[in-house]
Amino acid sequence: MSVQERKQRERADRERLIVAAARELAEQQGWDAVTTRRLAERIEYSQPVLYSHFRGKREIIGAVALEGATEMAVALRAATAAASTAADGPRARVTALARAYLDFAESHPAVYDALFQLDGGLAYAQEDTPAPLKDAFAALLECLGEVAGEGVHPGMFTETFWAALHGLATLSRAGRLPREFMEQRVELVVDRLAAV
């Protein structure tokens, strides 16, 4: 391994360490607790080293969002694949997708915020949208496109279904919706929006 390759590997390792520390701190104490000073202390590097990787908190949030988008896509695909063996067909997959999405949002609130609530400097629904964000949307579209209904654009249907799930996730987390009725809400969204 050349010196240049070693330096690149070390740089990538430091970057992963910074992102992991930011996620951990945000999940424990919220995004307000994530500062470059606190991150530098946690990873035992100076703030200038941190700034050599990220220009500030906004870019760190973006890095967490990209990592989270990849994880969300994996979780959604795993849920729909597991439901593919069910006799219910598309309905089982759509229900599994909805549950997996809501579970991800609840289990990873700081990552979910980085993805959909905070400014991470990322472009959404544009030509230059980063690949992990496009893939997370594709994971939704793969399942929902087949149930969009006749004459309905699959992408638009997916956006609408996603918006319903996002609303359920954020309103439940904020205590605006009683959690004990979440399963009935999922069934209602699946029954009324998806043509299954």
# chains A, B, ... in the order shown; residues from 1 in each chain; ligands from 1

$ select_by_dssp --residues "region 109-182 of chain A" --states "alpha helix (DSSP H)" --output "ChimeraX atom specification"
/A:109-116,131-144,154-173,182

$ closest_atom_pairs --of "region 74-160 of chain A" --to "region 182-192 of chain A" --cutoff "10 Å" --atoms "only C-alpha atoms" --output "tab-separated table"
residue	atom	partner	partner_atom	distance
A:Arg91	CA	A:Val190	CA	7.5
A:Ala92	CA	A:Val190	CA	9.5
A:Val94	CA	A:Val190	CA	6.8
A:Thr95	CA	A:Val190	CA	6.4
A:Ala96	CA	A:Val186	CA	9.7
A:Leu97	CA	A:Val190	CA	9.9
A:Ala98	CA	A:Val186	CA	6.7
A:Arg99	CA	A:Val186	CA	7.3
A:Leu102	CA	A:Val186	CA	9.2
A:Val147	CA	A:Val190	CA	10.0

$ write_last_selection --atoms "N, CA, C and O atoms" --output "PDB file, in the first residue's frame"
ATOM      1  N   ARG A  91     -50.604  -6.417  -1.012  1.00  0.00           N
ATOM      2  CA  ARG A  91     -51.079  -5.785   0.223  1.00  0.00           C
ATOM      3  C   ARG A  91     -50.124  -6.064   1.382  1.00  0.00           C
ATOM      4  O   ARG A  91     -49.810  -5.175   2.170  1.00  0.00           O
ATOM      5  N   ALA A  92     -49.654  -7.297   1.477  1.00  0.00           N
ATOM      6  CA  ALA A  92     -48.719  -7.652   2.548  1.00  0.00           C
ATOM      7  C   ALA A  92     -47.418  -6.871   2.397  1.00  0.00           C
ATOM      8  O   ALA A  92     -46.851  -6.405   3.390  1.00  0.00           O
ATOM      9  N   VAL A  94     -46.991  -3.896   0.889  1.00  0.00           N
ATOM     10  CA  VAL A  94     -47.221  -2.476   1.176  1.00  0.00           C
ATOM     11  C   VAL A  94     -47.357  -2.262   2.682  1.00  0.00           C
ATOM     12  O   VAL A  94     -46.801  -1.306   3.237  1.00  0.00           O
ATOM     13  N   THR A  95     -48.052  -3.147   3.354  1.00  0.00           N
ATOM     14  CA  THR A  95     -48.190  -3.045   4.813  1.00  0.00           C
ATOM     15  C   THR A  95     -46.830  -3.200   5.488  1.00  0.00           C
ATOM     16  O   THR A  95     -46.493  -2.437   6.407  1.00  0.00           O
ATOM     17  N   ALA A  96     -46.043  -4.151   5.033  1.00  0.00           N
ATOM     18  CA  ALA A  96     -44.700  -4.351   5.597  1.00  0.00           C
ATOM     19  C   ALA A  96     -43.829  -3.125   5.351  1.00  0.00           C
ATOM     20  O   ALA A  96     -43.062  -2.714   6.234  1.00  0.00           O
ATOM     21  N   LEU A  97     -43.939  -2.547   4.173  1.00  0.00           N
ATOM     22  CA  LEU A  97     -43.185  -1.329   3.852  1.00  0.00           C
ATOM     23  C   LEU A  97     -43.565  -0.200   4.807  1.00  0.00           C
ATOM     24  O   LEU A  97     -42.697   0.474   5.364  1.00  0.00           O
ATOM     25  N   ALA A  98     -44.856   0.008   5.014  1.00  0.00           N
ATOM     26  CA  ALA A  98     -45.330   1.082   5.898  1.00  0.00           C
ATOM     27  C   ALA A  98     -44.827   0.869   7.327  1.00  0.00           C
ATOM     28  O   ALA A  98     -44.328   1.807   7.965  1.00  0.00           O
ATOM     29  N   ARG A  99     -44.933  -0.350   7.805  1.00  0.00           N
ATOM     30  CA  ARG A  99     -44.461  -0.645   9.169  1.00  0.00           C
ATOM     31  C   ARG A  99     -42.952  -0.444   9.291  1.00  0.00           C
ATOM     32  O   ARG A  99     -42.478   0.119  10.281  1.00  0.00           O
ATOM     33  N   LEU A 102     -42.139   3.315   9.402  1.00  0.00           N
ATOM     34  CA  LEU A 102     -42.472   3.903  10.701  1.00  0.00           C
ATOM     35  C   LEU A 102     -41.551   3.384  11.804  1.00  0.00           C
ATOM     36  O   LEU A 102     -41.163   4.141  12.698  1.00  0.00           O
ATOM     37  N   VAL A 147     -48.861  -0.755  -7.021  1.00  0.00           N
ATOM     38  CA  VAL A 147     -50.222  -0.606  -6.477  1.00  0.00           C
ATOM     39  C   VAL A 147     -50.762   0.811  -6.661  1.00  0.00           C
ATOM     40  O   VAL A 147     -51.759   1.176  -6.053  1.00  0.00           O
TER      41      VAL A 147
END

$ closest_residue --among "A:Val49, A:Leu17, A:Leu122, A:Leu141" --to "Arg93 (chain A)" --atoms "only C-alpha atoms"
A:Leu141

$ residues_around --residues "Pro109 (chain A)" --least-positions-apart "3" --cutoff "9 Å" --atoms "only C-alpha atoms" --output "tab-separated table (two decimals) with N, CA, C and O atoms, in the first residue's frame"
chain	number	residue	atom	x	y	z
A	26	ALA	N	-26.33	12.76	18.68
A	26	ALA	CA	-27.66	13.24	18.31
A	26	ALA	C	-28.75	12.30	18.82
A	26	ALA	O	-29.80	12.76	19.29
A	27	GLU	N	-28.51	11.00	18.73
A	27	GLU	CA	-29.51	10.04	19.22
A	27	GLU	C	-29.64	10.12	20.74
A	27	GLU	O	-30.74	9.97	21.27
A	30	GLY	N	-29.93	14.76	21.17
A	30	GLY	CA	-30.55	15.65	20.18
A	30	GLY	C	-29.50	16.40	19.37
A	30	GLY	O	-28.34	16.51	19.78
A	104	PHE	N	-38.42	2.47	11.36
A	104	PHE	CA	-37.14	3.14	11.16
A	104	PHE	C	-37.19	4.55	11.76
A	104	PHE	O	-36.27	4.97	12.46
A	105	ALA	N	-38.26	5.28	11.48
A	105	ALA	CA	-38.39	6.64	11.99
A	105	ALA	C	-38.38	6.67	13.52
A	105	ALA	O	-37.75	7.54	14.13
A	106	GLU	N	-39.05	5.69	14.12
A	106	GLU	CA	-39.11	5.65	15.59
A	106	GLU	C	-37.80	5.18	16.21
A	106	GLU	O	-37.37	5.69	17.24
A	112	TYR	N	-33.54	10.13	11.23
A	112	TYR	CA	-34.76	10.54	10.52
A	112	TYR	C	-34.82	12.06	10.41
A	112	TYR	O	-35.15	12.60	9.35
A	113	ASP	N	-34.46	12.75	11.49
A	113	ASP	CA	-34.43	14.21	11.44
A	113	ASP	C	-33.40	14.70	10.43
A	113	ASP	O	-33.64	15.66	9.69
A	114	ALA	N	-32.24	14.07	10.40
A	114	ALA	CA	-31.20	14.46	9.44
A	114	ALA	C	-31.70	14.26	8.02
A	114	ALA	O	-31.42	15.08	7.13
A	173	ARG	N	-44.40	11.02	16.85
A	173	ARG	CA	-43.22	11.34	17.66
A	173	ARG	C	-43.41	12.62	18.47
A	173	ARG	O	-42.93	12.72	19.60

$ residues_around --residues "His53 (chain A)" --least-positions-apart "5" --cutoff "9 Å" --atoms "only C-alpha atoms" --output "JSON, numbers by chain"
{"A": [11, 14, 15, 18, 48]}

$ residues_around --residues "Ala20 (chain A)" --least-positions-apart "3" --cutoff "12 Å" --atoms "only C-alpha atoms" --output "number ranges by chain"
A: 13-17, 23-27, 34, 39, 42-43, 60-61, 63-65, 67-68, 110-111

$ write_last_selection --atoms "C-alpha atoms" --output "mmCIF file, in the first residue's frame"
data_model
loop_
_atom_site.group_PDB
_atom_site.id
_atom_site.type_symbol
_atom_site.label_atom_id
_atom_site.label_comp_id
_atom_site.auth_asym_id
_atom_site.auth_seq_id
_atom_site.Cartn_x
_atom_site.Cartn_y
_atom_site.Cartn_z
ATOM 1 C CA ASP A 13 -11.745 6.166 8.731
ATOM 2 C CA ARG A 14 -11.713 9.573 10.472
ATOM 3 C CA GLU A 15 -14.710 10.683 8.455
ATOM 4 C CA ARG A 16 -16.660 7.553 9.457
ATOM 5 C CA LEU A 17 -15.661 8.166 13.077
ATOM 6 C CA ARG A 23 -25.141 10.109 15.164
ATOM 7 C CA GLU A 24 -24.512 8.756 18.634
ATOM 8 C CA LEU A 25 -24.547 12.185 20.229
ATOM 9 C CA ALA A 26 -27.664 13.240 18.312
ATOM 10 C CA GLU A 27 -29.508 10.039 19.223
ATOM 11 C CA VAL A 34 -23.889 18.151 18.270
ATOM 12 C CA LEU A 39 -17.399 16.021 18.370
ATOM 13 C CA ARG A 42 -15.439 12.630 21.480
ATOM 14 C CA ILE A 43 -13.222 11.487 18.641
ATOM 15 C CA ILE A 60 -22.199 16.459 9.117
ATOM 16 C CA ILE A 61 -25.999 16.334 9.130
ATOM 17 C CA ALA A 63 -23.403 12.816 5.880
ATOM 18 C CA VAL A 64 -25.647 11.282 8.556
ATOM 19 C CA ALA A 65 -28.631 11.669 6.215
ATOM 20 C CA GLU A 67 -25.843 7.032 5.701
ATOM 21 C CA GLY A 68 -29.390 6.882 7.055
ATOM 22 C CA ALA A 110 -31.874 11.661 14.915
ATOM 23 C CA VAL A 111 -31.146 9.992 11.590
#

$ residues_around --residues "Thr35 (chain A)" --least-positions-apart "4" --cutoff "9 Å" --atoms "only C-alpha atoms" --output "ChimeraX atom specification"
/A:22,31,39-40,56-57

$ atom_distance --atom1 "CA of Leu66 (chain A)" --atom2 "CA of Val19 (chain A)"
10.4 Å

$ residues_around --residues "region 73-75 of chain A" --least-positions-apart "6" --cutoff "10 Å" --atoms "only C-alpha atoms" --output "ChimeraX atom specification"
/A:81,97,100-101,103-104,132-140

$ atom_distance --atom1 "CA of Ala79 (chain A)" --atom2 "CA of Leu144 (chain A)"
13.2 Å

$ atom_distance --atom1 "CA of Thr80 (chain A)" --atom2 "CA of Glu142 (chain A)"
9.4 Å
